[in-house]
Each structure stands twice: as C-alpha cells, then as structure tokens.
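Structure first, commentary second.
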Amino acid sequence: MAIKNRREYLFLYDVVNANPNGDPLDENKPRLDEESGRVLVTDVRLKRVIRDSLEELGECIFYSRSAKGKTRQELLKQFENDPQKAIEKCIDLRLFGATFSVEKNTLSITGPVQFNFGMSLHRVEPKLIKGTTVVASGEGKQQGTFTEMWIIPYGLIAFHGVANQLSAEETNLSDEDLEKMTRAMWLGTKGSTAVLSHSKMGHNPRLLIEIVYKEGVKTQIGELDRLVKIETDKEEEAIRDIGDLKIDLSLLKQKLERYKDRIEKIRYAIDDRVVLTQPLEEIFKGLQKEIFPWFNEV
C-alpha cells in the first residue's frame, strides 16, 4: 500500500580528506559554489549511495552498478520488457522514478522521493594532493608514475528531501520502502561500495531527521538544510573535525513550532560525536519523537 503521509528529510554527513562529488568535466575537482565557497554534492550522488547500499542489503535495484553501460531496453529484458513489473520489483524505481521507452510506448514517472543538491554548511578550501605509484615492469625493474587527487580537508554537508504521498500512488511506494531507504542512507554513507574508493573514504553520517506529516497534509516546511547553522571558534576553512563545531537547529525549532499541528511525529538518528547548541528534546518540544528502529543495529 502506498504511503499516506508526506515526509520531509534533513540529512547531515561529513567528509574528511576526500572528494565528496568530483566534477568529471573539471579535472574531477570537488564541485564548488564559487560565490559562497561551499562545496556542492548533487542529488544523483546521494541517490547512488542509497542505491548501492540497498543492493548490498539484498534489494532489487534497476540502476545498479553492475548495470552500468546498459540501455534501459537491455535492463527491461529482465522484467519481460514490462516497466510496471520493473517498478514492482525494484525499490529504486519506486523511490526515485524513471523514464522508459519500450518499443513505441513511453513511460515517464516522477519519483515520489526527491532531494535537492547538498551543500556544506561552511566554506571549504579544496586541495590537490600529489603522489606517486610504483608498478613493476619486469624482474628487478620498477616504473613510477605521478598521481593527483582533489580533496577537501573537511566538509559538513546538508541535504533536504521530500517524500510526496501523492506521487507515491504512481509507484506504490510503501512505508517499508522508506524505512529501508533511511537505513540505507545512513549505512551507505558510512560504508557502502559507493564511498569505499580511495577518493571517497572518510564519509560519516551525523544526523538524520524525518518529519512525518499527518494524513491529508499536502505541504511541508521546506528548505530544511537552510535552517541549520554551525558555531565554531575556527575560521571556516580551518575546520577539520565534527568536534570543531556545534550544530545550531534553532531555526528548525521555530519552524517545527509553527507546523506542529500538521506533524504526526518526528524520527531521528544522531551520531554520538555531534554537539548541538540545544538538546533535541528542546528542538522537538511538544512533538512525538522516536529514534529510527534500525539505529540500534548500526
């Protein structure tokens, strides 16, 4: 059964000495907003992490890593060339939608779950790391080559997302699907194959908040990522660890107070190294709240 309640997500994770989302058209440099000096991460990148993690947890994924390079036509053959069967089987299609062209028929579905671009909550200074590799070219011989890799020393990145219950009817997105997605988002950021490459090591999930609205509510707070600030004694570019800052959710608290009559409950996960300027009990005051049931497993 498709979800009946709209959801809204705030997800914070940090990156240490890694490239959160390189631009292949610009020497694979970290994507950067030149005006603010903040690093950007595309929604496609986050969805890739979720997909990879879901697949590792045993879910059927249409756009899996093993499917790289295959056309939609080729992928659909696994499902008797029937897009509806693919949607029934593949959780990523139920979450994020897809566009299919099968013979003369076209099916375009907007996924009920959408994320904006993630952005760091502070300025960053990308660095080019240079090194060498040594490859044996024959007995007693070695050949060295130079390597270069772009990283950021540290970045605390915020994503905002929405699960739309009206769009969910088209893919039959269920509450169970969303439960699996939040678990995969946390676990995948921590250690899926999407973050285990040399340039991606150093990702850690820090805070995930899910706002569950009451049935019948067709709106949401919006821009949750812009309701998060940080406090630090350091220059922003000098931040190197989650312990160098405090997270300020006071603007989120104000919004939750305004929308409290439309909210059914709030679910959350928080890393034990995170320091908030106010305890979550104060942020969520007057609202039903619970820790994600999967959090005790991670």
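Residues are named by chain letter and number: chains run A, B, ... in the order of the structure tokens, numbers start at 1 in each chain, and ligands are numbered from 1 in the order shown.
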Looking only at the backbone, which of the residues in segment 103-283 of chain A does DSSP tag as helix (DSSP H, G or I), as a VMD selection string? chain A and resid 165 to 171 175 to 191 193 to 195 224 to 227 236 to 238 242 to 244 250 to 262 280 to 283
Just want the 9 Å neighbourhood of segment 201-213 of chain A, counted on only C-alpha atoms, with same-chain residues fewer than 5 positions away dropped. Output as a count of residues only. 44
Where in segment 60-261 of chain A does DSSP assign strand (DSSP E), given as a PyMOL selection string? chain A and resi 97-102+105-110+113-115+118-120+127-138+141-163+203-213+229-231+246-248
Report as a PyMOL selection string all protein, DNA and RNA residues lying within 6 Å of segment 97-100 of chain A, evaluated on only C-alpha atoms, omitting residues in the same chain fewer than 3 positions from it. chain A and resi 93-94+106-111
Residue neighbourhood Val41 of chain A, 9 Å, only C-alpha atoms, exclusion window fewer than 6 positions, as a PyMOL selection string: chain A and resi 20-22+30-32+117-120+157+159
Taking 6 positions as the minimum chain separation for residues in the same chain, which residues sit within 7 Å of segment 225-240 of chain A when counting only C-alpha atoms? Answer as a ChimeraX atom specification. /A:10,121-125,153-154,158-160,246-249,251-252
Residues just named, written with N, CA, C and O atoms as an mmCIF file, in the first residue's frame:
```
data_model
loop_
_atom_site.group_PDB
_atom_site.id
_atom_site.type_symbol
_atom_site.label_atom_id
_atom_site.label_comp_id
_atom_site.auth_asym_id
_atom_site.auth_seq_id
_atom_site.Cartn_x
_atom_site.Cartn_y
_atom_site.Cartn_z
ATOM 1 N N LEU A 10 15.954 15.837 6.654
ATOM 2 C CA LEU A 10 17.183 16.613 6.808
ATOM 3 C C LEU A 10 18.288 15.610 7.099
ATOM 4 O O LEU A 10 18.193 14.831 8.058
ATOM 5 N N LEU A 121 27.943 23.354 5.124
ATOM 6 C CA LEU A 121 27.436 24.412 5.997
ATOM 7 C C LEU A 121 28.497 25.470 6.297
ATOM 8 O O LEU A 121 28.276 26.348 7.128
ATOM 9 N N HIS A 122 29.609 25.388 5.585
ATOM 10 C CA HIS A 122 30.713 26.327 5.808
ATOM 11 C C HIS A 122 31.581 26.366 4.552
ATOM 12 O O HIS A 122 31.470 25.497 3.677
ATOM 13 N N ARG A 123 32.447 27.339 4.473
ATOM 14 C CA ARG A 123 33.376 27.441 3.349
ATOM 15 C C ARG A 123 34.426 26.332 3.437
ATOM 16 O O ARG A 123 34.813 25.914 4.529
ATOM 17 N N VAL A 124 34.875 25.890 2.280
ATOM 18 C CA VAL A 124 35.920 24.864 2.226
ATOM 19 C C VAL A 124 37.014 25.325 1.274
ATOM 20 O O VAL A 124 36.804 26.215 0.443
ATOM 21 N N GLU A 125 38.170 24.711 1.401
ATOM 22 C CA GLU A 125 39.290 25.022 0.517
ATOM 23 C C GLU A 125 39.811 23.725 -0.099
ATOM 24 O O GLU A 125 40.559 22.981 0.546
ATOM 25 N N PRO A 153 39.676 19.017 2.926
ATOM 26 C CA PRO A 153 40.115 18.531 4.234
ATOM 27 C C PRO A 153 38.936 18.162 5.144
ATOM 28 O O PRO A 153 39.014 17.205 5.904
ATOM 29 N N TYR A 154 37.854 18.966 5.048
ATOM 30 C CA TYR A 154 36.666 18.675 5.863
ATOM 31 C C TYR A 154 35.456 19.387 5.270
ATOM 32 O O TYR A 154 35.565 20.509 4.767
ATOM 33 N N ALA A 158 24.803 19.232 4.139
ATOM 34 C CA ALA A 158 23.384 19.120 4.472
ATOM 35 C C ALA A 158 22.565 18.866 3.216
ATOM 36 O O ALA A 158 22.726 19.553 2.207
ATOM 37 N N PHE A 159 21.674 17.877 3.307
ATOM 38 C CA PHE A 159 20.721 17.562 2.241
ATOM 39 C C PHE A 159 19.299 17.745 2.756
ATOM 40 O O PHE A 159 19.010 17.450 3.917
ATOM 41 N N HIS A 160 18.429 18.181 1.859
ATOM 42 C CA HIS A 160 17.000 18.260 2.155
ATOM 43 C C HIS A 160 16.246 17.395 1.158
ATOM 44 O O HIS A 160 16.561 17.384 -0.031
ATOM 45 N N LYS A 246 29.706 23.231 16.653
ATOM 46 C CA LYS A 246 28.403 22.866 17.208
ATOM 47 C C LYS A 246 27.343 23.121 16.143
ATOM 48 O O LYS A 246 27.467 24.058 15.349
ATOM 49 N N ILE A 247 26.316 22.294 16.138
ATOM 50 C CA ILE A 247 25.228 22.436 15.160
ATOM 51 C C ILE A 247 24.070 23.169 15.818
ATOM 52 O O ILE A 247 23.592 22.777 16.885
ATOM 53 N N ASP A 248 23.628 24.223 15.161
ATOM 54 C CA ASP A 248 22.549 25.073 15.673
ATOM 55 C C ASP A 248 21.271 24.791 14.886
ATOM 56 O O ASP A 248 21.192 25.069 13.685
ATOM 57 N N LEU A 249 20.260 24.248 15.570
ATOM 58 C CA LEU A 249 18.969 23.924 14.936
ATOM 59 C C LEU A 249 17.855 24.850 15.428
ATOM 60 O O LEU A 249 16.678 24.516 15.341
ATOM 61 N N LEU A 251 16.646 27.600 14.193
ATOM 62 C CA LEU A 251 15.711 27.999 13.133
ATOM 63 C C LEU A 251 14.748 26.863 12.802
ATOM 64 O O LEU A 251 13.561 27.101 12.534
ATOM 65 N N LEU A 252 15.242 25.630 12.839
ATOM 66 C CA LEU A 252 14.363 24.480 12.635
ATOM 67 C C LEU A 252 13.341 24.394 13.759
ATOM 68 O O LEU A 252 12.153 24.105 13.522
#
```
So that I can check the surroundings of segment 283-286 of chain A, please list as a PDB file with N, CA and C atoms, in the first residue's frame every protein, DNA and RNA residue that reaches within 6 Å of it, counting only C-alpha atoms and ignoring chain neighbours fewer than 2 positions away.
```
ATOM      1  N   LYS A 253      13.775  24.651  14.979  1.00  0.00           N
ATOM      2  CA  LYS A 253      12.859  24.623  16.120  1.00  0.00           C
ATOM      3  C   LYS A 253      11.690  25.590  15.913  1.00  0.00           C
ATOM      4  N   LEU A 280      18.062  17.900  21.571  1.00  0.00           N
ATOM      5  CA  LEU A 280      16.947  17.571  20.681  1.00  0.00           C
ATOM      6  C   LEU A 280      15.597  17.640  21.403  1.00  0.00           C
ATOM      7  N   GLU A 281      15.598  17.358  22.693  1.00  0.00           N
ATOM      8  CA  GLU A 281      14.347  17.446  23.457  1.00  0.00           C
ATOM      9  C   GLU A 281      13.749  18.840  23.368  1.00  0.00           C
TER      10      GLU A 281
END
```
